[in-house]
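Heads up, upload-v5.txt below (compact mmCIF, C-alpha atoms):
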```
# COMPACT_ATOMS: atom_id res chain seq x y z
CA MET A 7 209.82 93.89 211.60
CA THR A 8 208.76 97.40 210.62
CA ASP A 9 205.73 97.82 208.38
CA PHE A 10 206.39 100.44 205.71
CA SER A 11 204.14 103.04 204.19
CA PHE A 12 204.54 104.76 200.81
CA GLN A 13 204.09 108.44 199.99
CA LEU A 14 201.86 108.47 196.92
CA TYR A 15 203.50 111.66 195.65
CA SER A 16 206.33 109.36 194.58
CA ALA A 17 203.93 107.67 192.16
CA ARG A 18 202.26 110.78 190.75
CA ASN A 19 203.84 110.26 187.31
CA PHE A 20 202.85 106.59 187.05
CA PRO A 21 199.09 106.28 186.61
CA PRO A 22 196.65 104.71 187.00
CA LEU A 23 196.12 104.58 190.75
CA ALA A 24 194.79 101.03 190.49
CA TYR A 25 198.19 99.91 189.18
CA VAL A 26 200.04 101.80 191.90
CA PHE A 27 198.00 100.31 194.74
CA GLU A 28 198.25 96.78 193.35
CA LEU A 29 202.03 97.14 192.95
CA LEU A 30 202.56 98.45 196.48
CA ALA A 31 200.45 95.71 198.05
CA ARG A 32 202.28 93.06 196.05
CA LEU A 33 205.66 94.39 197.18
CA GLY A 34 204.68 94.23 200.84
CA TYR A 35 203.73 97.79 201.76
CA LYS A 36 201.03 97.90 204.43
CA SER A 37 199.90 101.50 204.07
CA VAL A 38 200.15 104.61 201.94
CA GLU A 39 200.35 108.32 202.66
CA GLY A 40 198.13 110.68 200.71
CA PHE A 41 198.88 114.14 199.39
CA GLY A 42 196.76 117.11 198.42
CA GLY A 43 196.42 116.43 194.72
CA LEU A 44 194.62 113.13 195.33
CA TYR A 45 191.82 114.07 197.65
CA ASP A 46 189.32 114.92 194.93
CA LYS A 47 189.40 111.15 194.25
CA ALA A 48 188.74 110.21 197.88
CA ASP A 49 185.95 107.74 197.12
CA GLU A 50 188.04 105.96 194.45
CA ILE A 51 191.02 105.80 196.79
CA LYS A 52 188.87 104.45 199.62
CA ASP A 53 187.81 101.58 197.36
CA LEU A 54 191.40 100.92 196.23
CA LEU A 55 192.59 100.82 199.83
CA ALA A 56 189.99 98.20 200.71
CA LYS A 57 190.61 96.17 197.55
CA ASN A 58 194.36 95.98 198.20
CA ASN A 59 194.21 95.58 201.99
CA LEU A 60 196.02 98.88 202.53
CA THR A 61 195.39 101.73 204.96
CA MET A 62 196.13 105.47 204.88
CA PRO A 63 196.97 106.42 208.47
CA THR A 64 198.73 109.66 207.50
CA GLY A 65 198.14 112.30 204.86
CA HIS A 66 199.70 115.54 203.62
CA PHE A 67 197.25 118.43 203.44
CA GLY A 68 198.35 121.80 202.09
CA LEU A 69 197.86 124.86 204.25
CA ASP A 70 194.96 126.00 202.07
CA GLN A 71 193.34 122.59 202.44
CA LEU A 72 193.80 122.64 206.20
CA GLN A 73 192.15 126.06 206.35
CA ASP A 74 189.07 124.51 204.69
CA LYS A 75 188.44 122.55 207.85
CA ALA A 76 185.13 120.92 207.00
CA THR A 77 186.43 119.47 203.73
CA ALA A 78 189.69 118.30 205.30
CA VAL A 79 187.85 116.54 208.12
CA LYS A 80 185.47 114.86 205.66
CA THR A 81 188.35 113.72 203.45
CA ALA A 82 190.37 112.39 206.38
CA ARG A 83 187.43 110.45 207.77
CA THR A 84 186.57 109.02 204.35
CA LEU A 85 190.12 107.71 203.91
CA GLY A 86 190.79 106.67 207.50
CA VAL A 87 193.56 109.24 207.95
CA GLU A 88 194.54 109.48 211.61
CA THR A 89 197.21 112.21 211.43
CA LEU A 90 197.26 115.21 209.11
CA PHE A 91 200.60 116.81 208.22
CA CYS A 92 201.11 120.22 206.67
CA PRO A 93 203.81 119.41 204.10
CA ALA A 94 205.27 122.76 203.05
CA ILE A 95 204.67 126.40 202.13
CA PRO A 96 204.91 127.89 198.62
CA ARG A 97 208.39 128.41 197.17
CA PRO A 98 208.31 132.25 197.40
CA LEU A 99 207.90 131.96 201.18
CA TRP A 100 210.83 129.66 201.86
CA GLU A 101 213.05 132.59 202.86
CA GLN A 102 210.39 134.71 204.52
CA GLU A 103 211.10 137.03 207.44
CA GLU A 104 211.31 135.67 210.96
CA ASP A 105 208.03 137.33 211.98
CA ALA A 106 206.28 135.47 209.15
CA TRP A 107 207.63 132.17 210.47
CA LYS A 108 206.32 133.08 213.91
CA ALA A 109 202.93 133.87 212.42
CA LEU A 110 202.93 130.51 210.64
CA ALA A 111 203.74 128.80 213.92
CA GLU A 112 200.75 130.51 215.52
CA GLU A 113 198.50 129.37 212.68
CA LEU A 114 199.77 125.80 212.94
CA ALA A 115 199.14 125.85 216.67
CA SER A 116 195.55 126.99 216.05
CA LEU A 117 194.99 124.41 213.33
CA GLY A 118 196.48 121.72 215.54
CA GLU A 119 194.09 122.62 218.33
CA PHE A 120 191.13 122.27 215.96
CA TYR A 121 192.15 118.98 214.37
CA LYS A 122 193.09 117.40 217.67
CA ALA A 123 189.67 118.38 219.04
CA GLU A 124 188.22 116.50 216.05
CA GLY A 125 190.15 113.40 217.07
CA PHE A 126 193.13 113.64 214.70
CA GLY A 127 196.85 113.99 215.14
CA PHE A 128 198.37 117.05 213.52
CA GLY A 129 201.88 118.10 212.62
CA TRP A 130 204.43 119.54 210.23
CA HIS A 131 206.51 117.79 207.57
CA ASN A 132 209.86 119.40 206.83
CA HIS A 133 211.94 120.03 203.74
CA HIS A 134 215.36 121.72 203.65
CA PHE A 135 214.32 125.37 203.80
CA GLU A 136 213.28 125.18 207.47
CA PHE A 137 216.99 124.79 208.21
CA TRP A 138 218.03 127.97 206.40
CA PRO A 139 218.80 130.60 209.08
CA THR A 140 216.77 133.78 209.27
CA ALA A 141 218.47 137.18 209.51
CA SER A 142 218.91 136.68 213.25
CA GLY A 143 220.45 133.25 212.78
CA GLU A 144 217.41 131.39 214.08
CA LEU A 145 216.27 128.28 212.25
CA PRO A 146 212.63 128.23 211.08
CA MET A 147 212.32 124.61 212.24
CA ASN A 148 212.92 125.73 215.81
CA ILE A 149 210.51 128.62 215.39
CA LEU A 150 207.74 126.32 214.20
CA LEU A 151 208.18 123.66 216.86
CA GLU A 152 208.62 126.10 219.71
CA GLY A 153 205.87 128.44 218.51
CA ALA A 154 203.44 125.53 218.13
CA PRO A 155 204.49 123.36 221.09
CA ASP A 156 201.62 120.90 220.83
CA ILE A 157 201.99 119.87 217.18
CA ASP A 158 203.82 116.76 216.03
CA TRP A 159 206.63 116.42 213.50
CA GLU A 160 206.94 114.08 210.55
CA MET A 161 210.71 114.17 210.08
CA ASP A 162 211.96 113.90 206.53
CA VAL A 163 215.45 112.83 207.50
CA ALA A 164 217.04 113.22 204.07
CA TRP A 165 215.71 116.77 203.72
CA VAL A 166 217.32 117.58 207.09
CA VAL A 167 220.61 116.42 205.59
CA ARG A 168 220.00 118.48 202.46
CA GLY A 169 219.40 121.39 204.80
CA GLU A 170 222.98 120.84 205.99
CA ASN A 171 221.95 119.72 209.45
CA ASP A 172 222.68 116.59 211.46
CA PRO A 173 219.45 114.61 211.94
CA LYS A 174 220.87 112.99 215.06
CA ALA A 175 220.95 116.35 216.84
CA TRP A 176 217.32 116.97 215.96
CA LEU A 177 216.36 113.48 217.07
CA GLU A 178 217.91 114.23 220.44
CA LYS A 179 216.19 117.60 220.77
CA TYR A 180 212.71 116.83 219.45
CA GLY A 181 212.44 113.04 219.47
CA GLY A 182 209.34 113.18 221.63
CA ARG A 183 207.55 115.21 218.96
CA ILE A 184 208.41 112.92 216.03
CA VAL A 185 205.54 110.54 215.26
CA ALA A 186 206.42 109.64 211.64
CA VAL A 187 209.48 109.72 209.39
CA HIS A 188 210.15 109.72 205.68
CA VAL A 189 212.59 107.07 204.58
CA LYS A 190 214.43 108.28 201.49
CA ASP A 191 217.95 108.38 200.12
CA ILE A 192 220.32 110.89 198.53
CA ALA A 193 222.33 109.98 195.45
CA PRO A 194 226.10 110.51 195.52
CA GLU A 195 227.18 113.98 194.39
CA GLY A 196 226.68 114.46 190.67
CA GLU A 197 224.61 111.30 190.16
CA ALA A 198 220.91 110.79 189.38
CA LYS A 199 220.50 114.31 188.01
CA ASP A 200 217.42 113.14 186.10
CA GLU A 201 215.92 112.17 189.47
CA ASP A 202 216.76 115.45 191.23
CA GLY A 203 219.66 113.85 193.05
CA TRP A 204 217.55 111.33 194.97
CA ALA A 205 218.22 107.60 195.16
CA ASP A 206 216.33 104.43 195.96
CA VAL A 207 216.64 103.60 199.65
CA GLY A 208 219.85 101.66 200.15
CA GLN A 209 221.43 102.95 196.96
CA GLY A 210 222.53 106.36 198.23
CA THR A 211 224.51 108.10 200.94
CA MET A 212 222.05 107.99 203.84
CA ASN A 213 223.20 105.68 206.63
CA TRP A 214 219.84 104.06 207.34
CA VAL A 215 221.51 101.05 208.97
CA THR A 216 222.24 103.25 211.99
CA LEU A 217 219.54 105.89 211.54
CA LEU A 218 216.50 103.62 211.64
CA PRO A 219 217.36 101.97 214.98
CA LEU A 220 218.19 105.41 216.41
CA ILE A 221 214.83 106.77 215.27
CA LYS A 222 213.06 103.86 216.92
CA GLU A 223 214.98 104.53 220.13
CA LYS A 224 214.62 108.31 220.29
CA THR A 225 211.15 108.97 218.86
CA LYS A 226 207.52 107.95 219.02
CA ALA A 227 207.47 107.25 215.28
CA ARG A 228 204.90 104.67 214.24
CA HIS A 229 204.87 105.42 210.54
CA PHE A 230 207.88 104.88 208.29
CA VAL A 231 207.04 106.30 204.89
CA MET A 232 209.07 105.49 201.79
CA GLU A 233 209.55 108.40 199.43
CA HIS A 234 211.46 109.45 196.32
CA ASP A 235 210.59 112.91 195.02
CA ASN A 236 211.18 112.09 191.35
CA PRO A 237 211.83 108.43 190.48
CA SER A 238 212.22 107.53 186.81
CA ASP A 239 210.99 103.99 187.47
CA LEU A 240 208.30 103.46 190.10
CA GLU A 241 208.57 99.68 190.44
CA ARG A 242 212.37 99.85 190.69
CA PHE A 243 212.19 102.44 193.47
CA ALA A 244 209.37 100.81 195.40
CA SER A 245 210.88 97.32 195.18
CA ARG A 246 214.51 98.18 195.91
CA SER A 247 213.58 100.45 198.78
CA ILE A 248 211.38 98.11 200.77
CA THR A 249 213.82 95.24 200.21
CA ALA A 250 216.67 97.33 201.62
CA ALA A 251 214.67 98.89 204.45
CA LYS A 252 213.53 95.52 205.75
CA THR A 253 217.17 94.60 206.40
CA TYR A 254 217.84 97.59 208.69
```
What is this file in structure tokens?
Amino acid sequence: MTDFSFQLYSARNFPPLAYVFELLARLGYKSVEGFGGLYDKADEIKDLLAKNNLTMPTGHFGLDQLQDKATAVKTARTLGVETLFCPAIPRPLWEQEEDAWKALAEELASLGEFYKAEGFGFGWHNHHFEFWPTASGELPMNILLEGAPDIDWEMDVAWVVRGENDPKAWLEKYGGRIVAVHVKDIAPEGEAKDEDGWADVGQGTMNWVTLLPLIKEKTKARHFVMEHDNPSDLERFASRSITAAKTY
């Protein structure tokens, strides 16, 4: 049986944190994944983790946070984070020139070297824009992984699909680099517009029945992180999703 984690970004609109942690523990989640907006509450979160018998093995740290190395290391050690993932770049840079993607890959490689020397894992978390071709036709996702050959990948499978790519092909190519995945679902076309087109896991178009076993076969993934970018009902999403995912 897979133990599931929960990306706390999904709960950002449902305070307080004490309620969120209690809910997740009650529903059977074993861990949570942090994100940048929470780390100024690191001491509070540390206490909530202990109180609810949860861990935070992975965390999203923005590029600016990763550049502040001393603070990021302190935060990660306070919360027990084992692997740090850079989650994205600002919206204006999504369609940047190929040379800028190569420069980002070099920076990620350098950051990865530092954080690994400090005893952490380090990697990139994708969205859809890494699968938008540059002027030469190259995909930024390839540029990042090839330009930073020692970093890991947290594969957000549904964003790969939204990037109009086949996740199975990427699992074949880079499975050895994938150490975590986001488990999320896409609503049928035209539905859930108030939730940005996302669905609770098991309620959408993603074929997790076949994808989850394939991920376990092809990758080194140890963390399976439930996420919905904009749920209208936190308990509905968290409950439905873990119930469905445990059947896969």
Distance query A:Ala250 at most 8 Å, all atoms listed in the file, self and fewer than 4 positions along chain excluded, as a short mmCIF file (atom, residue, chain, number, x, y, z; two decimals) with C-alpha atoms, in the coordinates of the input:
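Result file follows (around_17.cif):
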```cif
data_model
loop_
_atom_site.label_atom_id
_atom_site.label_comp_id
_atom_site.auth_asym_id
_atom_site.auth_seq_id
_atom_site.Cartn_x
_atom_site.Cartn_y
_atom_site.Cartn_z
CA VAL A 207 216.64 103.60 199.65
CA GLY A 208 219.85 101.66 200.15
CA ARG A 246 214.51 98.18 195.91
CA TYR A 254 217.84 97.59 208.69
#
```
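Compared by their closest atoms to A:Gln209, and using all atoms listed in the file, the residues A:Lys224, A:His229, A:His188, A:Arg242 rank with A:Arg242 nearest.
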Practice task
Can you pull out every residue within 9 Å of A:His131, counting only C-alpha atoms, but drop anything in the same chain fewer than 3 positions away, and send it as a list in words?
Solution key: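 Those residues are His66, Phe91, Cys92, Pro93, Ala94, Asp158, Trp159, Glu160, Met161, Asp162 and Val187 of chain A.
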Practice task
Check the smallest atom-to-atom distance from each of A:Leu44, A:Ala251, A:Ala56, A:Ala164 to A:Asp235 using only C-alpha atoms, then report the winner.
Solution key: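 Of A:Leu44, A:Ala251, A:Ala56, A:Ala164, the one nearest A:Asp235, counting only C-alpha atoms, is A:Ala164.
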Completion exercise
What separates atom CA of A:Ala186 and atom CA of A:Leu72 is a distance of 18.9 Å
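Between atom CA of A:Asp9 and atom CA of A:Lys80 there is a distance of 26.6 Å.
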Practice task
Please write as a PyMOL selection string the list of polymer residues whose atoms come within 10 Å of (200.4, 113.0, 213.7), counting all atoms listed in the file and keeping to the coordinates of the file.
Solution key: chain A and resi 63-65+87-91+118+122+126-131+157-160+183-186+227-229
Problem - Among the residues A:Thr225, A:Asn236, A:Thr253, A:Ser245, the one that comes closest to A:Leu14 [using all atoms listed in the file] - result: A:Asn236
Fill in the blank from the handout: Counting all atoms listed in the file, the residue among A:Glu241, A:Lys252, A:Asn148, A:Leu69 that lies closest to A:Val26 is A:Glu241
Exercise for the section: Calculate how many Å separate atom CA of A:Ile51 from atom CA of A:Leu30, rounding to one decimal. Expected result: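 Going from atom CA of A:Ile51 over to atom CA of A:Leu30 covers 13.7 Å.
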Which polymer residues have any atom within 8 Å of an atom of A:Ala244, counting all atoms listed in the file, with same-chain residues fewer than 5 positions away left out, as a PDB file with C-alpha atoms, in the frame of the given file?
```pdb
ATOM      1  CA  LEU A  30     202.560  98.450 196.480  1.00  0.00           C
ATOM      2  CA  LEU A  33     205.660  94.390 197.180  1.00  0.00           C
ATOM      3  CA  ASP A 206     216.330 104.430 195.960  1.00  0.00           C
ATOM      4  CA  MET A 232     209.070 105.490 201.790  1.00  0.00           C
TER       5      MET A 232
END
```
Problem - Best match for closeness to A:Thr77 among A:Asn59, A:Lys52, A:Tyr45, A:Pro146, counting all atoms listed in the file - result: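 Using all atoms listed in the file, A:Thr77 sits closest to A:Tyr45.
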With all heavy atoms as the target, complete stretch 42-53 of chain A and hand it back as a compact mmCIF listing (two decimals), in the frame of the given file.
```txt
# COMPACT_ATOMS: atom_id res chain seq x y z
N GLY A 42 197.86 116.23 198.78
CA GLY A 42 196.76 117.11 198.42
C GLY A 42 196.14 116.89 197.07
O GLY A 42 194.92 117.01 196.90
N GLY A 43 196.95 116.57 196.06
CA GLY A 43 196.42 116.43 194.72
C GLY A 43 195.52 115.23 194.51
O GLY A 43 194.89 115.11 193.45
N LEU A 44 195.41 114.36 195.49
CA LEU A 44 194.62 113.13 195.33
C LEU A 44 193.23 113.21 195.95
O LEU A 44 192.37 112.38 195.64
CB LEU A 44 195.35 111.95 195.98
CG LEU A 44 196.64 111.46 195.35
CD1 LEU A 44 197.21 110.31 196.17
CD2 LEU A 44 196.41 111.01 193.91
N TYR A 45 192.99 114.17 196.80
CA TYR A 45 191.82 114.07 197.65
C TYR A 45 190.50 114.31 196.93
O TYR A 45 189.43 113.99 197.48
CB TYR A 45 191.97 114.99 198.86
CG TYR A 45 193.16 114.62 199.73
CD1 TYR A 45 193.97 115.60 200.29
CD2 TYR A 45 193.48 113.29 199.98
CE1 TYR A 45 195.06 115.26 201.09
CE2 TYR A 45 194.57 112.94 200.76
CZ TYR A 45 195.36 113.93 201.31
OH TYR A 45 196.44 113.59 202.09
N ASP A 46 190.56 114.82 195.71
CA ASP A 46 189.32 114.92 194.93
C ASP A 46 188.88 113.55 194.43
O ASP A 46 187.77 113.42 193.89
CB ASP A 46 189.48 115.90 193.77
CG ASP A 46 190.59 115.49 192.80
OD1 ASP A 46 191.42 114.65 193.18
OD2 ASP A 46 190.61 116.04 191.68
N LYS A 47 189.73 112.54 194.62
CA LYS A 47 189.40 111.15 194.25
C LYS A 47 189.23 110.29 195.50
O LYS A 47 189.50 109.09 195.48
CB LYS A 47 190.50 110.57 193.38
CG LYS A 47 190.79 111.35 192.10
CD LYS A 47 191.97 110.74 191.35
CE LYS A 47 192.28 111.54 190.09
NZ LYS A 47 193.46 110.98 189.37
N ALA A 48 188.78 110.91 196.59
CA ALA A 48 188.74 110.21 197.88
C ALA A 48 187.93 108.92 197.83
O ALA A 48 188.34 107.90 198.39
CB ALA A 48 188.20 111.14 198.97
N ASP A 49 186.79 108.94 197.15
CA ASP A 49 185.95 107.74 197.12
C ASP A 49 186.64 106.61 196.34
O ASP A 49 186.60 105.45 196.75
CB ASP A 49 184.59 108.06 196.50
CG ASP A 49 183.73 108.93 197.40
OD1 ASP A 49 183.94 108.88 198.63
OD2 ASP A 49 182.87 109.65 196.89
N GLU A 50 187.29 106.96 195.22
CA GLU A 50 188.04 105.96 194.45
C GLU A 50 189.18 105.39 195.28
O GLU A 50 189.40 104.16 195.28
CB GLU A 50 188.60 106.60 193.17
CG GLU A 50 189.47 105.66 192.35
CD GLU A 50 190.17 106.35 191.19
OE1 GLU A 50 189.86 107.52 190.91
OE2 GLU A 50 191.04 105.71 190.55
N ILE A 51 189.89 106.26 195.99
CA ILE A 51 191.02 105.80 196.79
C ILE A 51 190.53 104.92 197.95
O ILE A 51 191.17 103.91 198.27
CB ILE A 51 191.83 107.00 197.31
CG1 ILE A 51 192.52 107.69 196.13
CG2 ILE A 51 192.85 106.58 198.35
CD1 ILE A 51 193.18 109.00 196.48
N LYS A 52 189.43 105.28 198.55
CA LYS A 52 188.87 104.45 199.62
C LYS A 52 188.63 103.03 199.12
O LYS A 52 188.96 102.04 199.80
CB LYS A 52 187.56 105.06 200.13
CG LYS A 52 186.89 104.25 201.23
CD LYS A 52 185.59 104.89 201.67
CE LYS A 52 184.90 104.05 202.74
NZ LYS A 52 183.62 104.66 203.19
N ASP A 53 188.07 102.90 197.93
CA ASP A 53 187.81 101.58 197.36
C ASP A 53 189.12 100.83 197.06
O ASP A 53 189.22 99.62 197.30
CB ASP A 53 186.99 101.72 196.07
CG ASP A 53 185.56 102.17 196.34
OD1 ASP A 53 185.11 102.06 197.50
OD2 ASP A 53 184.91 102.65 195.39
```
